[in-house]
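S.K.: Have a look at this one.
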Amino acid sequence: MKKIVNPWKGLDGYMCFGCSPDNPSGLHMEFFEDGEDIVAFWEPGKYYQGWLRTLHGGIQATLMDELAGWVVLRKLQTSGVTSRMEVKFMKSISTDEPRLMIRGRMTDRKRNAIFIETEIYDSAGTPCSRANLVYFVSPQERAMEEFGFKGCKTEDEC
C-alpha cells in the first residue's frame, strides 16, 4: 500500500471538509493506493454521531464521496464532481469504533462519466455501508487551471 501525497496541502485557502489537514472541523482523511483500490482509514468520534454513539449517515456518505473523488484524482490524474450517489447502509457504525476502512475503485467509464463503488468496513472488517457513484470528470487542463491540480502522486513517486 502506497501513501498518496495530498497535492493541495499547504495551499492558501485550501479547507476541504474531507481531506484538508488544516480544517479544524474537517475529517482530515488521508489516502493510500492498494492496487486498483484507493483506501482511507478514519477514526470516528462523538462529534460525528447521529443517534447516540452511532455514526451519522451523512458522514458515512461524505467519507465514501471523498474517497471516490480521490479515485478520480489518482487513477485518472484529473478532478471531477459527483453527479449521482446511491448509498446502502447495511450495519450501523459505532462512534466508539477504533478505526474504519473506506475502500473504493473505478468500475466503468463512459466518456466523461466514471462509475465508482466504495465501501466502509468496521474495525472487525465487516462491511457496513456501500455507495455507487457517478462522477463527471474534467479535462486535465481545466483541473489545472480552475482547481490548481498539478497531479496526484504517491510518496515513492515524489
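As shown in the C-alpha cells, the chain order sets the letters A, B, ...; within each chain, residues go from 1, and ligands are also counted from 1 in the order they appear.
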Quick check for you: according to DSSP on this backbone, which residues of chain A are classed as strand (DSSP E or B)? Reply as JSON, numbers by chain.
M.R.: {"A": [2, 3, 4, 32, 33, 34, 37, 38, 39, 40, 41, 42, 49, 54, 55, 80, 81, 82, 83, 84, 85, 86, 87, 88, 89, 94, 100, 101, 102, 103, 104, 105, 106, 107, 108, 109, 110, 113, 114, 115, 116, 117, 118, 119, 120, 121, 127, 128, 129, 130, 131, 132, 133, 134, 135, 136, 137, 154]}
S.K.: Mind checking which residues fall within 10 Å of segment 94-99 of chain A, counting only C-alpha atoms, ignoring those fewer than 6 positions away in the same chain, and posting them as a list in words?
M.R.: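 Counting only the stated atoms, we get Phe41, Trp42, Glu43, Pro44, Gly45, Lys46, Tyr47, Tyr48, Gln49, Gly50, Trp51, Leu52, Arg53, Thr54, Leu55, His56, Tyr121, Asp122, Ser123 and Ala124 of chain A.
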S.K.: Include N, CA and C atoms and write out the residues we just selected as a PDB file, in the first residue's frame.
M.R.:
```
ATOM      1  N   PHE A  41      -8.204   5.273   6.044  1.00  0.00           N
ATOM      2  CA  PHE A  41      -8.505   4.816   7.397  1.00  0.00           C
ATOM      3  C   PHE A  41      -8.935   6.042   8.189  1.00  0.00           C
ATOM      4  N   TRP A  42      -9.979   5.892   8.987  1.00  0.00           N
ATOM      5  CA  TRP A  42     -10.530   7.058   9.684  1.00  0.00           C
ATOM      6  C   TRP A  42     -11.072   6.634  11.029  1.00  0.00           C
ATOM      7  N   GLU A  43     -10.855   7.484  12.022  1.00  0.00           N
ATOM      8  CA  GLU A  43     -11.319   7.217  13.377  1.00  0.00           C
ATOM      9  C   GLU A  43     -12.538   8.088  13.675  1.00  0.00           C
ATOM     10  N   PRO A  44     -13.704   7.466  13.848  1.00  0.00           N
ATOM     11  CA  PRO A  44     -14.886   8.265  14.174  1.00  0.00           C
ATOM     12  C   PRO A  44     -14.796   8.809  15.597  1.00  0.00           C
ATOM     13  N   GLY A  45     -15.576   9.788  15.896  1.00  0.00           N
ATOM     14  CA  GLY A  45     -15.624  10.355  17.242  1.00  0.00           C
ATOM     15  C   GLY A  45     -17.031  10.811  17.555  1.00  0.00           C
ATOM     16  N   LYS A  46     -17.245  11.193  18.782  1.00  0.00           N
ATOM     17  CA  LYS A  46     -18.586  11.540  19.243  1.00  0.00           C
ATOM     18  C   LYS A  46     -19.178  12.739  18.513  1.00  0.00           C
ATOM     19  N   TYR A  47     -18.350  13.598  17.930  1.00  0.00           N
ATOM     20  CA  TYR A  47     -18.859  14.783  17.239  1.00  0.00           C
ATOM     21  C   TYR A  47     -19.496  14.449  15.899  1.00  0.00           C
ATOM     22  N   TYR A  48     -19.380  13.207  15.458  1.00  0.00           N
ATOM     23  CA  TYR A  48     -19.907  12.800  14.159  1.00  0.00           C
ATOM     24  C   TYR A  48     -21.114  11.867  14.295  1.00  0.00           C
ATOM     25  N   GLN A  49     -21.756  11.869  15.456  1.00  0.00           N
ATOM     26  CA  GLN A  49     -22.868  10.954  15.667  1.00  0.00           C
ATOM     27  C   GLN A  49     -24.197  11.530  15.202  1.00  0.00           C
ATOM     28  N   GLY A  50     -25.087  10.601  14.879  1.00  0.00           N
ATOM     29  CA  GLY A  50     -26.494  10.925  14.648  1.00  0.00           C
ATOM     30  C   GLY A  50     -27.211  10.496  15.914  1.00  0.00           C
ATOM     31  N   TRP A  51     -27.634   9.234  15.934  1.00  0.00           N
ATOM     32  CA  TRP A  51     -28.162   8.662  17.174  1.00  0.00           C
ATOM     33  C   TRP A  51     -27.005   8.478  18.148  1.00  0.00           C
ATOM     34  N   LEU A  52     -27.323   8.286  19.410  1.00  0.00           N
ATOM     35  CA  LEU A  52     -26.317   8.128  20.455  1.00  0.00           C
ATOM     36  C   LEU A  52     -25.287   7.067  20.072  1.00  0.00           C
ATOM     37  N   ARG A  53     -24.022   7.437  20.062  1.00  0.00           N
ATOM     38  CA  ARG A  53     -22.884   6.554  19.739  1.00  0.00           C
ATOM     39  C   ARG A  53     -23.020   5.871  18.358  1.00  0.00           C
ATOM     40  N   THR A  54     -23.723   6.490  17.440  1.00  0.00           N
ATOM     41  CA  THR A  54     -23.905   5.930  16.098  1.00  0.00           C
ATOM     42  C   THR A  54     -23.437   6.953  15.070  1.00  0.00           C
ATOM     43  N   LEU A  55     -22.548   6.533  14.194  1.00  0.00           N
ATOM     44  CA  LEU A  55     -22.013   7.427  13.169  1.00  0.00           C
ATOM     45  C   LEU A  55     -23.123   7.887  12.235  1.00  0.00           C
ATOM     46  N   HIS A  56     -23.229   9.183  12.049  1.00  0.00           N
ATOM     47  CA  HIS A  56     -24.268   9.794  11.210  1.00  0.00           C
ATOM     48  C   HIS A  56     -24.153   9.302   9.768  1.00  0.00           C
ATOM     49  N   TYR A 121     -15.813  -0.315   6.073  1.00  0.00           N
ATOM     50  CA  TYR A 121     -15.683  -1.510   6.908  1.00  0.00           C
ATOM     51  C   TYR A 121     -15.384  -1.086   8.339  1.00  0.00           C
ATOM     52  N   ASP A 122     -15.970  -1.790   9.305  1.00  0.00           N
ATOM     53  CA  ASP A 122     -15.642  -1.503  10.702  1.00  0.00           C
ATOM     54  C   ASP A 122     -14.298  -2.138  11.051  1.00  0.00           C
ATOM     55  N   SER A 123     -13.876  -1.991  12.301  1.00  0.00           N
ATOM     56  CA  SER A 123     -12.546  -2.474  12.700  1.00  0.00           C
ATOM     57  C   SER A 123     -12.434  -3.998  12.670  1.00  0.00           C
ATOM     58  N   ALA A 124     -13.562  -4.712  12.633  1.00  0.00           N
ATOM     59  CA  ALA A 124     -13.539  -6.174  12.523  1.00  0.00           C
ATOM     60  C   ALA A 124     -13.522  -6.617  11.056  1.00  0.00           C
TER      61      ALA A 124
END
```
S.K.: Using only C-alpha atoms, which residue out of A:Cys19, A:Glu33, A:Arg130, A:Lys91 lies closest to Glu155 of chain A?
M.R.: A:Glu33
S.K.: Would you mind listing what lies within 9 Å of Lys75 of chain A as an NGL selection string, with only C-alpha atoms counted and same-chain residues fewer than 2 positions away left out?
M.R.: :A and (36 or 38 or 70-73 or 77-78 or 106 or 152)
S.K.: Near Cys128 of chain A, within 10 Å and counting only C-alpha atoms, which residues show up once chain neighbours fewer than 4 positions away are dropped, as a PyMOL selection string?
M.R.: chain A and resi 60+88-93+100+119-122
S.K.: For the residues selected in the previous step, produce a file with N, CA and C atoms as an mmCIF file, in the first residue's frame.
M.R.:
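New file out-v2.cif:
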```cif
data_model
loop_
_atom_site.group_PDB
_atom_site.id
_atom_site.type_symbol
_atom_site.label_atom_id
_atom_site.label_comp_id
_atom_site.auth_asym_id
_atom_site.auth_seq_id
_atom_site.Cartn_x
_atom_site.Cartn_y
_atom_site.Cartn_z
ATOM 1 N N GLN A 60 -21.043 9.150 6.842
ATOM 2 C CA GLN A 60 -20.656 7.954 6.086
ATOM 3 C C GLN A 60 -20.674 8.241 4.592
ATOM 4 N N LYS A 88 -26.137 2.550 0.421
ATOM 5 C CA LYS A 88 -26.853 1.491 1.135
ATOM 6 C C LYS A 88 -26.188 1.322 2.499
ATOM 7 N N PHE A 89 -26.963 1.508 3.558
ATOM 8 C CA PHE A 89 -26.472 1.326 4.921
ATOM 9 C C PHE A 89 -26.860 -0.084 5.362
ATOM 10 N N MET A 90 -25.857 -0.925 5.603
ATOM 11 C CA MET A 90 -26.113 -2.332 5.906
ATOM 12 C C MET A 90 -26.006 -2.648 7.391
ATOM 13 N N LYS A 91 -25.174 -1.895 8.109
ATOM 14 C CA LYS A 91 -24.957 -2.148 9.540
ATOM 15 C C LYS A 91 -24.570 -0.825 10.183
ATOM 16 N N SER A 92 -25.150 -0.507 11.316
ATOM 17 C CA SER A 92 -24.791 0.751 11.973
ATOM 18 C C SER A 92 -23.330 0.714 12.418
ATOM 19 N N ILE A 93 -22.741 1.895 12.485
ATOM 20 C CA ILE A 93 -21.330 2.028 12.869
ATOM 21 C C ILE A 93 -21.275 2.819 14.161
ATOM 22 N N LEU A 100 -12.034 2.867 11.048
ATOM 23 C CA LEU A 100 -12.800 2.392 9.902
ATOM 24 C C LEU A 100 -11.888 2.350 8.687
ATOM 25 N N GLU A 119 -16.902 1.265 -0.191
ATOM 26 C CA GLU A 119 -17.442 0.597 0.989
ATOM 27 C C GLU A 119 -16.770 1.150 2.241
ATOM 28 N N ILE A 120 -17.484 1.040 3.352
ATOM 29 C CA ILE A 120 -16.912 1.319 4.675
ATOM 30 C C ILE A 120 -16.956 0.023 5.464
ATOM 31 N N TYR A 121 -15.813 -0.315 6.073
ATOM 32 C CA TYR A 121 -15.683 -1.510 6.908
ATOM 33 C C TYR A 121 -15.384 -1.086 8.339
ATOM 34 N N ASP A 122 -15.970 -1.790 9.305
ATOM 35 C CA ASP A 122 -15.642 -1.503 10.702
ATOM 36 C C ASP A 122 -14.298 -2.138 11.051
#
```
S.K.: Identify which of the residues A:Glu157, A:Ile102, A:Gly80, A:Gly148 lies closest to Phe136 of chain A, counting only C-alpha atoms when measuring atom-to-atom distances.
M.R.: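 Counting only C-alpha atoms, the residue closest to Phe136 of chain A is A:Gly80.
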S.K.: So how many Å separate atom CA of Asp34 of chain A and atom CA of Glu145 of chain A, to one decimal?
M.R.: 29.0 Å
